[in-house]
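Quick look at coords14.tsv (TSV, C-alpha atoms and all ligand atoms):
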```tsv
chain	number	residue	atom	x	y	z
A	1	MET	CA	-20.52	18.13	-1.47
A	2	GLU	CA	-21.65	19.85	1.68
A	3	ASP	CA	-18.61	21.90	2.65
A	4	PHE	CA	-17.14	22.32	-0.78
A	5	ASP	CA	-15.05	25.43	-1.19
A	6	PRO	CA	-13.30	25.77	-4.57
A	7	ALA	CA	-10.51	27.84	-3.04
A	8	TYR	CA	-9.60	24.79	-1.04
A	9	ILE	CA	-8.58	22.86	-4.12
A	10	GLN	CA	-5.27	23.64	-5.71
A	11	PRO	CA	-3.25	21.76	-8.27
A	12	ILE	CA	-0.50	19.57	-6.91
A	13	GLU	CA	2.88	20.76	-8.01
A	14	HIS	CA	5.66	18.40	-8.92
A	15	ARG	CA	3.30	15.50	-8.80
A	16	PRO	CA	5.09	12.64	-10.50
A	17	ILE	CA	3.28	11.15	-13.45
A	18	LEU	CA	3.77	7.46	-13.01
A	19	LEU	CA	1.95	4.52	-14.38
A	20	ILE	CA	-0.02	2.44	-11.97
A	21	HIS	CA	0.21	-1.26	-12.53
A	22	GLU	CA	-2.26	-3.74	-11.19
A	23	ALA	CA	0.26	-6.45	-11.97
A	24	GLU	CA	2.02	-7.58	-8.85
A	25	GLY	CA	0.36	-6.82	-5.57
A	26	ILE	CA	1.81	-6.77	-2.09
A	27	PRO	CA	2.11	-10.18	-0.39
A	28	ILE	CA	-0.81	-11.59	1.58
A	29	ILE	CA	0.35	-13.53	4.64
A	30	ASP	CA	-1.77	-15.99	6.61
A	31	LEU	CA	-1.06	-15.79	10.35
A	32	SER	CA	-3.31	-18.67	11.42
A	33	SER	CA	-0.36	-20.85	12.47
A	34	ILE	CA	0.64	-18.42	15.21
A	35	THR	CA	-2.60	-16.76	16.11
A	36	ASN	CA	-3.12	-18.85	19.17
A	37	ASN	CA	0.29	-18.99	20.74
A	38	HIS	CA	2.89	-16.58	21.86
A	39	LEU	CA	6.18	-16.97	20.02
A	40	SER	CA	8.39	-16.10	22.95
A	41	ASN	CA	7.00	-19.06	24.87
A	42	GLU	CA	8.05	-21.61	22.31
A	43	ASN	CA	11.33	-23.30	23.00
A	44	ASP	CA	12.07	-25.08	19.78
A	45	HIS	CA	11.30	-23.22	16.59
A	46	SER	CA	13.12	-25.66	14.36
A	47	ASN	CA	10.40	-28.28	14.76
A	48	ASN	CA	7.80	-25.95	13.53
A	49	ASN	CA	7.83	-25.90	9.75
A	50	ASN	CA	4.86	-23.61	9.55
A	51	LEU	CA	6.56	-21.06	11.70
A	52	THR	CA	9.79	-21.30	9.73
A	53	SER	CA	8.05	-20.66	6.44
A	54	LEU	CA	6.00	-17.85	7.98
A	55	ILE	CA	9.17	-16.15	9.19
A	56	THR	CA	10.65	-16.46	5.71
A	57	GLU	CA	7.52	-14.97	4.15
A	58	ILE	CA	7.58	-12.04	6.55
A	59	GLY	CA	11.28	-11.42	5.97
A	60	ASN	CA	10.85	-11.52	2.18
A	61	ALA	CA	7.85	-9.17	2.31
A	62	CYS	CA	9.75	-6.69	4.50
A	63	GLU	CA	12.79	-6.79	2.26
A	64	LYS	CA	11.07	-6.69	-1.09
A	65	TRP	CA	8.04	-4.48	-0.40
A	66	GLY	CA	8.08	-3.01	3.09
A	67	PHE	CA	4.34	-3.69	2.90
A	68	PHE	CA	2.16	-6.79	3.28
A	69	GLN	CA	-1.36	-7.78	4.24
A	70	VAL	CA	-2.22	-10.22	7.02
A	71	ILE	CA	-5.24	-12.49	7.22
A	72	ASN	CA	-6.31	-14.77	10.09
A	73	HIS	CA	-4.61	-12.22	12.30
A	74	GLY	CA	-6.56	-12.93	15.49
A	75	VAL	CA	-8.30	-9.54	15.79
A	76	PRO	CA	-12.02	-10.38	16.11
A	77	LEU	CA	-13.98	-9.15	13.12
A	78	GLU	CA	-16.69	-7.69	15.32
A	79	LYS	CA	-14.12	-5.35	16.87
A	80	LEU	CA	-13.27	-4.13	13.38
A	81	GLU	CA	-16.92	-3.67	12.51
A	82	GLU	CA	-17.59	-1.78	15.73
A	83	ILE	CA	-14.80	0.72	15.22
A	84	GLU	CA	-15.74	1.25	11.59
A	85	LEU	CA	-19.34	1.95	12.60
A	86	ILE	CA	-18.41	4.37	15.34
A	87	GLY	CA	-15.96	6.08	12.98
A	88	ARG	CA	-18.69	6.62	10.43
A	89	LYS	CA	-21.01	7.98	13.11
A	90	PHE	CA	-18.34	10.39	14.27
A	91	PHE	CA	-17.53	11.82	10.84
A	92	ALA	CA	-21.26	12.17	10.13
A	93	LEU	CA	-21.50	14.72	12.98
A	94	SER	CA	-21.54	18.41	12.02
A	95	LYS	CA	-18.18	20.12	11.66
A	96	GLU	CA	-19.11	22.29	14.63
A	97	GLU	CA	-19.67	19.21	16.77
A	98	LYS	CA	-16.43	17.59	15.59
A	99	ARG	CA	-14.42	20.74	16.24
A	100	LYS	CA	-15.52	20.62	19.88
A	101	VAL	CA	-12.98	17.79	20.18
A	102	GLY	CA	-10.51	19.59	17.90
A	103	ARG	CA	-6.80	19.31	18.54
A	104	ASP	CA	-4.75	22.36	19.42
A	105	GLU	CA	-1.18	23.32	20.04
A	106	HIS	CA	-1.24	22.04	23.61
A	107	ASN	CA	-2.88	18.74	22.96
A	108	PRO	CA	-2.32	17.09	19.59
A	109	MET	CA	-5.06	14.50	20.14
A	110	GLY	CA	-8.54	14.94	18.68
A	111	TYR	CA	-10.16	16.08	15.46
A	112	TYR	CA	-8.82	18.16	12.60
A	113	ASP	CA	-9.57	18.62	8.96
A	114	SER	CA	-7.57	19.91	6.06
A	115	GLU	CA	-9.58	23.16	5.87
A	116	HIS	CA	-8.86	23.84	9.49
A	117	THR	CA	-5.11	23.33	9.17
A	118	LYS	CA	-5.02	25.27	5.86
A	119	ASN	CA	-3.62	22.15	4.35
A	120	VAL	CA	-4.78	22.43	0.78
A	121	ARG	CA	-3.04	19.28	-0.28
A	122	ASP	CA	-4.57	16.53	1.82
A	123	TRP	CA	-8.29	15.94	1.35
A	124	LYS	CA	-9.37	14.37	4.61
A	125	GLN	CA	-10.72	14.62	8.11
A	126	VAL	CA	-8.90	12.99	10.99
A	127	PHE	CA	-9.48	11.93	14.57
A	128	ASP	CA	-6.34	11.05	16.58
A	129	PHE	CA	-6.14	9.29	19.92
A	130	THR	CA	-3.52	7.37	21.88
A	131	ALA	CA	-3.83	3.59	21.97
A	132	ARG	CA	-3.17	3.60	25.70
A	133	ASP	CA	-5.20	6.14	27.56
A	134	PRO	CA	-3.51	8.18	28.91
A	135	SER	CA	-0.03	7.99	27.34
A	136	ILE	CA	3.12	9.74	28.44
A	137	ILE	CA	5.12	11.54	25.77
A	138	PRO	CA	7.17	14.71	25.51
A	139	VAL	CA	4.70	16.98	23.75
A	140	TYR	CA	7.26	19.38	22.33
A	141	PRO	CA	11.04	19.31	22.10
A	142	GLY	CA	12.53	21.19	24.98
A	143	ASP	CA	9.81	20.10	27.39
A	144	LEU	CA	11.75	18.94	30.40
A	145	GLN	CA	8.89	17.00	31.87
A	146	PRO	CA	7.13	14.57	29.59
A	147	LYS	CA	3.42	15.24	29.58
A	148	GLU	CA	0.47	13.00	29.86
A	149	LEU	CA	-1.52	13.02	26.66
A	150	ILE	CA	-5.22	13.14	27.33
A	151	ASN	CA	-7.61	11.87	24.71
A	152	ARG	CA	-10.69	13.86	23.83
A	153	TRP	CA	-13.94	12.04	23.36
A	154	PRO	CA	-17.09	13.31	21.65
A	155	GLN	CA	-19.87	13.69	24.20
A	156	SER	CA	-22.59	12.79	21.76
A	157	LEU	CA	-21.10	9.31	21.18
A	158	PRO	CA	-20.73	7.81	24.67
A	159	GLU	CA	-19.64	4.40	23.36
A	160	PHE	CA	-16.76	5.88	21.31
A	161	ARG	CA	-14.13	5.53	24.01
A	162	GLU	CA	-14.85	1.93	24.91
A	163	VAL	CA	-15.07	0.77	21.28
A	164	THR	CA	-11.76	2.36	20.35
A	165	ARG	CA	-10.11	1.09	23.53
A	166	GLU	CA	-11.14	-2.51	22.91
A	167	TYR	CA	-10.03	-2.32	19.32
A	168	ALA	CA	-6.67	-0.84	20.33
A	169	ARG	CA	-6.14	-3.66	22.83
A	170	GLU	CA	-6.65	-6.30	20.13
A	171	VAL	CA	-4.49	-4.58	17.54
A	172	GLU	CA	-1.75	-4.10	20.12
A	173	LYS	CA	-1.59	-7.90	20.51
A	174	LEU	CA	-1.21	-8.23	16.75
A	175	GLY	CA	1.51	-5.57	16.85
A	176	PHE	CA	3.53	-7.66	19.32
A	177	LYS	CA	3.10	-10.80	17.20
A	178	LEU	CA	4.35	-8.98	14.12
A	179	LEU	CA	7.25	-7.54	16.07
A	180	GLU	CA	8.23	-11.04	17.17
A	181	LEU	CA	8.01	-12.40	13.63
A	182	ILE	CA	10.12	-9.53	12.34
A	183	ALA	CA	12.71	-10.08	15.08
A	184	LEU	CA	12.89	-13.78	14.19
A	185	SER	CA	13.20	-12.93	10.49
A	186	LEU	CA	16.25	-10.78	11.33
A	187	GLY	CA	17.83	-13.73	13.14
A	188	LEU	CA	17.11	-12.31	16.59
A	189	ALA	CA	15.30	-13.80	19.58
A	190	ALA	CA	11.53	-13.47	19.23
A	191	ASP	CA	11.24	-11.07	22.16
A	192	ARG	CA	14.32	-9.00	21.27
A	193	LEU	CA	12.31	-5.85	20.49
A	194	ASN	CA	9.45	-6.24	22.96
A	195	GLY	CA	11.10	-4.33	25.80
A	196	TYR	CA	11.13	-1.12	23.75
A	197	PHE	CA	7.33	-1.28	23.68
A	198	LYS	CA	6.69	-1.86	27.36
A	199	ASP	CA	5.51	1.73	27.75
A	200	HIS	CA	4.62	2.15	24.12
A	201	ALA	CA	3.18	5.50	23.11
A	202	SER	CA	1.37	4.26	20.01
A	203	PHE	CA	-1.38	6.30	18.56
A	204	MET	CA	-4.34	5.62	16.37
A	205	ARG	CA	-6.14	7.58	13.74
A	206	LEU	CA	-9.51	7.52	12.09
A	207	ASN	CA	-9.07	8.86	8.55
A	208	TYR	CA	-12.12	9.98	6.64
A	209	TYR	CA	-11.67	10.85	2.98
A	210	PRO	CA	-14.85	12.50	1.68
A	211	ALA	CA	-15.80	11.94	-1.96
A	212	CYS	CA	-13.92	14.62	-3.87
A	213	PRO	CA	-15.31	16.60	-6.82
A	214	ALA	CA	-11.83	17.02	-8.31
A	215	PRO	CA	-9.88	13.86	-7.46
A	216	GLU	CA	-7.18	14.64	-10.03
A	217	LEU	CA	-6.22	17.82	-8.16
A	218	VAL	CA	-5.71	16.56	-4.63
A	219	LEU	CA	-4.49	13.58	-2.73
A	220	GLY	CA	-5.99	12.08	0.43
A	221	VAL	CA	-2.49	11.94	1.87
A	222	THR	CA	0.60	13.15	0.04
A	223	ARG	CA	3.51	10.77	-0.33
A	224	HIS	CA	5.27	10.06	2.93
A	225	LYS	CA	6.93	7.37	5.01
A	226	ASP	CA	5.72	6.37	8.46
A	227	ALA	CA	8.14	7.36	11.22
A	228	GLY	CA	7.25	4.65	13.76
A	229	ALA	CA	8.09	0.97	13.97
A	230	LEU	CA	5.08	-0.60	12.26
A	231	THR	CA	1.75	0.63	10.92
A	232	ILE	CA	-1.27	-1.66	11.11
A	233	LEU	CA	-3.98	-0.33	8.81
A	234	ALA	CA	-7.63	-1.33	8.55
A	235	GLU	CA	-9.68	0.06	5.67
A	236	ASP	CA	-13.07	-0.31	4.04
A	237	ASP	CA	-13.60	-1.61	0.50
A	238	VAL	CA	-13.13	1.68	-1.41
A	239	GLY	CA	-9.35	1.62	-1.92
A	240	GLY	CA	-6.96	4.47	-2.66
A	241	LEU	CA	-3.76	3.50	-0.87
A	242	GLN	CA	-0.77	3.35	-3.18
A	243	VAL	CA	2.68	2.04	-2.39
A	244	ARG	CA	5.95	2.85	-4.08
A	245	ARG	CA	7.21	-0.47	-5.42
A	246	LYS	CA	10.84	-0.96	-4.46
A	247	SER	CA	11.75	-2.98	-7.55
A	248	ASP	CA	11.02	-0.19	-10.05
A	249	GLY	CA	9.80	2.86	-8.12
A	250	GLU	CA	6.28	2.75	-9.60
A	251	TRP	CA	3.14	3.48	-7.63
A	252	VAL	CA	1.07	0.36	-7.07
A	253	SER	CA	-2.51	0.35	-5.80
A	254	VAL	CA	-3.13	-1.78	-2.74
A	255	ARG	CA	-6.26	-3.85	-3.23
A	256	PRO	CA	-8.50	-3.22	-0.23
A	257	ASN	CA	-9.25	-6.33	1.75
A	258	PRO	CA	-11.75	-5.47	4.50
A	259	GLY	CA	-11.15	-7.79	7.43
A	260	ALA	CA	-7.43	-7.99	6.67
A	261	PHE	CA	-4.77	-5.53	7.83
A	262	THR	CA	-2.19	-3.83	5.67
A	263	ILE	CA	1.15	-3.69	7.50
A	264	ASN	CA	4.09	-1.51	6.71
A	265	VAL	CA	7.57	-1.21	8.09
A	266	GLY	CA	8.30	2.28	9.45
A	267	ASP	CA	11.52	4.25	9.79
A	268	ILE	CA	12.42	2.73	13.18
A	269	ILE	CA	12.62	-0.80	11.78
A	270	GLN	CA	14.68	0.56	8.92
A	271	VAL	CA	17.19	1.93	11.43
A	272	TRP	CA	17.11	-1.14	13.71
A	273	SER	CA	17.73	-3.40	10.70
A	274	ASN	CA	20.44	-1.07	9.38
A	275	ASP	CA	18.54	-0.56	6.10
A	276	ARG	CA	17.77	-4.21	5.47
A	277	TYR	CA	14.02	-3.51	5.84
A	278	GLU	CA	13.28	-0.12	4.34
A	279	SER	CA	10.39	2.12	5.21
A	280	VAL	CA	8.53	2.56	1.92
A	281	GLU	CA	6.77	5.65	0.56
A	282	HIS	CA	3.02	5.58	0.18
A	283	ARG	CA	0.14	7.96	-0.55
A	284	VAL	CA	-3.64	7.99	-0.73
A	285	MET	CA	-5.74	8.86	-3.80
A	286	VAL	CA	-9.26	10.19	-3.33
A	287	ASN	CA	-12.39	9.03	-5.07
A	288	SER	CA	-14.90	11.20	-6.92
A	289	GLU	CA	-17.92	9.14	-5.85
A	290	LYS	CA	-17.16	7.31	-2.67
A	291	GLU	CA	-16.06	8.39	0.73
A	292	ARG	CA	-13.45	6.19	2.42
A	293	LEU	CA	-12.61	5.28	6.00
A	294	SER	CA	-9.22	3.95	7.09
A	295	ILE	CA	-7.88	3.24	10.57
A	296	PRO	CA	-4.12	3.12	11.06
A	297	PHE	CA	-2.55	1.97	14.32
A	298	PHE	CA	0.92	3.52	14.55
A	299	PHE	CA	2.96	1.13	16.70
A	300	TYR	CA	5.54	3.33	18.44
A	301	PRO	CA	8.04	2.39	21.16
A	302	ALA	CA	8.18	4.26	24.48
A	303	HIS	CA	9.15	7.91	24.14
A	304	TYR	CA	12.42	7.49	26.09
A	305	ILE	CA	13.88	4.83	23.76
A	306	MET	CA	17.08	5.57	21.88
A	307	ILE	CA	16.94	4.24	18.31
A	308	LYS	CA	20.04	2.91	16.53
A	309	PRO	CA	21.03	-0.08	14.38
A	310	LEU	CA	20.83	-3.21	16.56
A	311	GLU	CA	24.16	-4.44	17.86
A	312	GLU	CA	23.52	-8.01	16.70
A	313	ILE	CA	23.04	-6.78	13.14
A	314	VAL	CA	26.05	-4.54	12.72
A	315	ASP	CA	29.66	-5.68	12.48
A	316	ASP	CA	32.82	-4.74	10.57
A	317	GLN	CA	31.29	-5.79	7.26
A	318	ASN	CA	28.01	-4.05	8.02
A	319	PRO	CA	28.86	-0.95	10.05
A	320	PRO	CA	26.02	1.10	11.56
A	321	LYS	CA	24.43	3.45	9.03
A	322	TYR	CA	22.72	5.70	11.60
A	323	ARG	CA	23.63	7.66	14.65
A	324	GLU	CA	21.51	7.11	17.71
A	325	TYR	CA	18.44	9.33	18.24
A	326	ASN	CA	15.80	9.68	20.89
A	327	TRP	CA	12.38	8.59	19.64
A	328	GLY	CA	10.26	10.95	21.75
A	329	VAL	CA	12.27	14.04	20.83
A	330	PHE	CA	12.35	13.01	17.18
A	331	PHE	CA	8.61	12.53	17.03
A	332	ALA	CA	7.75	15.65	18.97
A	333	THR	CA	9.95	17.71	16.62
A	334	LYS	CA	8.29	16.20	13.59
A	335	ARG	CA	4.85	16.80	15.00
A	336	LYS	CA	5.60	20.39	15.86
A	337	SER	CA	6.82	21.28	12.38
A	338	ASN	CA	3.80	19.47	11.00
A	339	PHE	CA	1.37	21.38	13.21
A	340	LYS	CA	2.86	24.77	12.43
A	341	LYS	CA	3.31	23.92	8.76
A	342	LEU	CA	6.80	25.28	9.05
A	343	ASN	CA	8.52	25.82	5.79
A	344	VAL	CA	11.48	23.73	6.81
A	345	GLU	CA	12.24	20.26	5.64
A	346	ASN	CA	10.50	17.73	7.81
A	347	LEU	CA	12.76	15.88	10.24
A	348	GLN	CA	13.78	12.55	8.70
A	349	ILE	CA	15.93	9.60	9.75
A	350	SER	CA	18.30	10.63	6.94
A	351	HIS	CA	19.44	13.42	9.28
A	352	PHE	CA	21.02	10.70	11.41
A	353	LYS	CA	22.56	8.84	8.53
A	354	ILE	CA	26.30	8.19	8.79
A	355	ILE	CA	27.83	9.05	5.44
B	401	LIG	C1	-1.20	7.31	7.15
B	401	LIG	C2	-1.51	6.57	5.91
B	401	LIG	C3	-3.08	5.33	4.58
B	401	LIG	C4	-4.54	5.21	4.35
B	401	LIG	O1	-2.16	7.78	7.80
B	401	LIG	O2	0.00	7.43	7.48
B	401	LIG	O3	-0.60	6.27	5.18
B	401	LIG	O4	-4.89	4.34	3.54
B	401	LIG	N1	-2.78	6.21	5.66
B	401	LIG	O5	-5.33	5.93	4.94
B	402	NI	NI	1.30	6.42	6.23
```
Here is the file; what I need is its structure written in the form of structure tokens.
Amino acid sequence: MEDFDPAYIQPIEHRPILLIHEAEGIPIIDLSSITNNHLSNENDHSNNNNLTSLITEIGNACEKWGFFQVINHGVPLEKLEEIELIGRKFFALSKEEKRKVGRDEHNPMGYYDSEHTKNVRDWKQVFDFTARDPSIIPVYPGDLQPKELINRWPQSLPEFREVTREYAREVEKLGFKLLELIALSLGLAADRLNGYFKDHASFMRLNYYPACPAPELVLGVTRHKDAGALTILAEDDVGGLQVRRKSDGEWVSVRPNPGAFTINVGDIIQVWSNDRYESVEHRVMVNSEKERLSIPFFFYPAHYIMIKPLEEIVDDQNPPKYREYNWGVFFATKRKSNFKKLNVENLQISHFKII
């Protein structure tokens, strides 16, 4: 491999040895019944059997797995192909060229790789950008004025910006549909959560996992949970994503399904639902022969939103399990400790748990 440096590879400590079963995969959900209409505009859901069974499927998937795949999702396949192609072109550029759009402490958007961040555990290269361009977020905790986040775009690929923007626009629509289905599955009005996303500060990532000469020693991404509301992931046909199965705690490989999206519930939905829908751990294995491209869309509410268990969900029998927290401050704190590789425990929603 071109940039291979043996010092960069180190054994993973405390890596759990768990069997990987192919047995039961995550649910695959067909969205064709809703792809062409907006749920909030429908007056009578009870007449719509398809919708009712879809809502049940979504609710079961969220409760049992925290992960599912969607097909017939309404995002045009050519938009997926275009972003995949431009992603491959970008990562094929020289490291020098890519580092010209490298992120830094002042602007977290752009390129970075695990060598650059001295991250010896994750074997990947990344390009981050906001779904809305520009987006307003507090960049660091303590910043009194939220800042505008400016995306960086590689000069040598003039079409990059437009391709990613069009893709983001389509996936955003899917994000709202999923949000509505999830709200309905929790017994809420379809548009109950939409307002939180009016000024959403979602961001997107191109993940490139080069083929790795020692795949048993590193991971593409170490185990983690996603902090946002929902993650909408596109990937090629290589595979590597593994999900912690709730029923028995084993790692299960997600079968790649190019053209479909893999969806997972993030920490915010866990808090909103008062732990009914849990944010599930996942990780990425690397491959000794094949490089892999994946494209997550992290659907985040506006930075000023306060997150807490929804009032309609809690009552005397089901008291709130979390204290309220501010999303923008939470995320900025997490990002800062991540950037600096601080040796402190990463900020988690468990810090807001009411014991
Ligand atoms: C992530 C992630 C999965 C993948 O970026 O948070 O979990 O398959 N990615 O790349
Ligand atoms: Ni993730």
Expected selection as a VMD selection string for ligand NI 402 (chain B) within 12 Å, all atoms listed in the file:
chain A and resid 67 204 to 205 207 220 to 233 241 to 244 262 to 267 279 to 284 294 to 299
Save out the residues we just selected, C-alpha atoms, as an mmCIF file, keeping the file's coordinate frame.
```cif
data_model
loop_
_atom_site.group_PDB
_atom_site.id
_atom_site.type_symbol
_atom_site.label_atom_id
_atom_site.label_comp_id
_atom_site.auth_asym_id
_atom_site.auth_seq_id
_atom_site.Cartn_x
_atom_site.Cartn_y
_atom_site.Cartn_z
ATOM 1 C CA PHE A 67 4.340 -3.690 2.900
ATOM 2 C CA MET A 204 -4.340 5.620 16.370
ATOM 3 C CA ARG A 205 -6.140 7.580 13.740
ATOM 4 C CA ASN A 207 -9.070 8.860 8.550
ATOM 5 C CA GLY A 220 -5.990 12.080 0.430
ATOM 6 C CA VAL A 221 -2.490 11.940 1.870
ATOM 7 C CA THR A 222 0.600 13.150 0.040
ATOM 8 C CA ARG A 223 3.510 10.770 -0.330
ATOM 9 C CA HIS A 224 5.270 10.060 2.930
ATOM 10 C CA LYS A 225 6.930 7.370 5.010
ATOM 11 C CA ASP A 226 5.720 6.370 8.460
ATOM 12 C CA ALA A 227 8.140 7.360 11.220
ATOM 13 C CA GLY A 228 7.250 4.650 13.760
ATOM 14 C CA ALA A 229 8.090 0.970 13.970
ATOM 15 C CA LEU A 230 5.080 -0.600 12.260
ATOM 16 C CA THR A 231 1.750 0.630 10.920
ATOM 17 C CA ILE A 232 -1.270 -1.660 11.110
ATOM 18 C CA LEU A 233 -3.980 -0.330 8.810
ATOM 19 C CA LEU A 241 -3.760 3.500 -0.870
ATOM 20 C CA GLN A 242 -0.770 3.350 -3.180
ATOM 21 C CA VAL A 243 2.680 2.040 -2.390
ATOM 22 C CA ARG A 244 5.950 2.850 -4.080
ATOM 23 C CA THR A 262 -2.190 -3.830 5.670
ATOM 24 C CA ILE A 263 1.150 -3.690 7.500
ATOM 25 C CA ASN A 264 4.090 -1.510 6.710
ATOM 26 C CA VAL A 265 7.570 -1.210 8.090
ATOM 27 C CA GLY A 266 8.300 2.280 9.450
ATOM 28 C CA ASP A 267 11.520 4.250 9.790
ATOM 29 C CA SER A 279 10.390 2.120 5.210
ATOM 30 C CA VAL A 280 8.530 2.560 1.920
ATOM 31 C CA GLU A 281 6.770 5.650 0.560
ATOM 32 C CA HIS A 282 3.020 5.580 0.180
ATOM 33 C CA ARG A 283 0.140 7.960 -0.550
ATOM 34 C CA VAL A 284 -3.640 7.990 -0.730
ATOM 35 C CA SER A 294 -9.220 3.950 7.090
ATOM 36 C CA ILE A 295 -7.880 3.240 10.570
ATOM 37 C CA PRO A 296 -4.120 3.120 11.060
ATOM 38 C CA PHE A 297 -2.550 1.970 14.320
ATOM 39 C CA PHE A 298 0.920 3.520 14.550
ATOM 40 C CA PHE A 299 2.960 1.130 16.700
#
```
Counting all atoms listed in the file, the option among A:Ile71, A:Cys62, A:Leu178, A:Val254 closest to ligand LIG 401 (chain B)
A:Val254
Mind pulling up the distance from atom CA of A:Asn274 to atom CA of A:Asp316?
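The value is 13.0 Å.
A straight line drawn from atom CA of A:Arg165 to atom CA of A:Lys89 is 16.6 Å long.
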Residues within 6 Å of A:Asn72, please, as a list in words. Count only C-alpha atoms; anything in the same chain fewer than 5 positions from it doesn't count.
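My reading of the contact set: Asp30, Leu31 and Ser32 of chain A.
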d(atom CA of A:Ser202, atom CA of A:Asn326) in Å
15.4 Å
Taking all atoms listed in the file into account, name the residue in A:Asp191, A:Phe176, A:Ala168, A:Asp128 that is nearest to ligand LIG 401 (chain B).
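Looking only at the distances to ligand LIG 401 (chain B), the closest residue turns out to be A:Asp128.
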Which of these residues is nearest to A:Arg99, using all atoms listed in the file: A:Lys336, A:Arg152, A:Lys79, A:Leu85?
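The shortest atom-to-atom distance to A:Arg99 comes from A:Arg152.
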Take every atom of ligand LIG 401 (chain B) listed in the file, fit an axis-aligned box around them, add 4 Å per side, and give the centre and edge lengths in Å to one decimal as lines of an AutoDock Vina configuration file.
```
center_x = -2.7
center_y = 6.1
center_z = 5.7
size_x = 13.3
size_y = 11.4
size_z = 12.3
```
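Candidate residues A:Cys212, A:Leu157, A:Ala131, A:Val286 were compared for distance to ligand LIG 401 (chain B), and the nearest is A:Val286, using only C-alpha atoms and all ligand atoms.
Closest to ligand LIG 401 (chain B) among A:Ile150, A:Met285, A:Leu77, A:Leu217 is A:Met285, based on all atoms listed in the file.
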Identify which of the residues A:Gly240, A:Pro319, A:Pro309, A:Pro258 lies closest to ligand LIG 401 (chain B), counting all atoms listed in the file when measuring atom-to-atom distances.
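Of the candidates, the smallest distance to ligand LIG 401 (chain B) is held by A:Gly240.
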Who sits within 12 Å of A:Glu78, only C-alpha atoms, same chain under 6 positions skipped, as number ranges by chain
A: 84-85, 163, 166-167, 170, 259
With all atoms listed in the file counted, which protein, DNA or RNA residues have an atom no more than 10 Å from (9.8, -3.1, -6.3) in the file frame? Please answer as a PyMOL selection string.
chain A and resi 24+26+63-66+243-252
Near A:Val314, counting only C-alpha atoms, which residues have an atom at most 12 Å away, once you skip same-chain residues fewer than 3 positions from it, shown as a list in words?
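Within the cut-off, the hits are Leu186, Val271, Trp272, Ser273, Asn274, Asp275, Arg276, Lys308, Pro309, Leu310, Glu311, Gln317, Asn318, Pro319, Pro320, Lys321 and Tyr322 of chain A.
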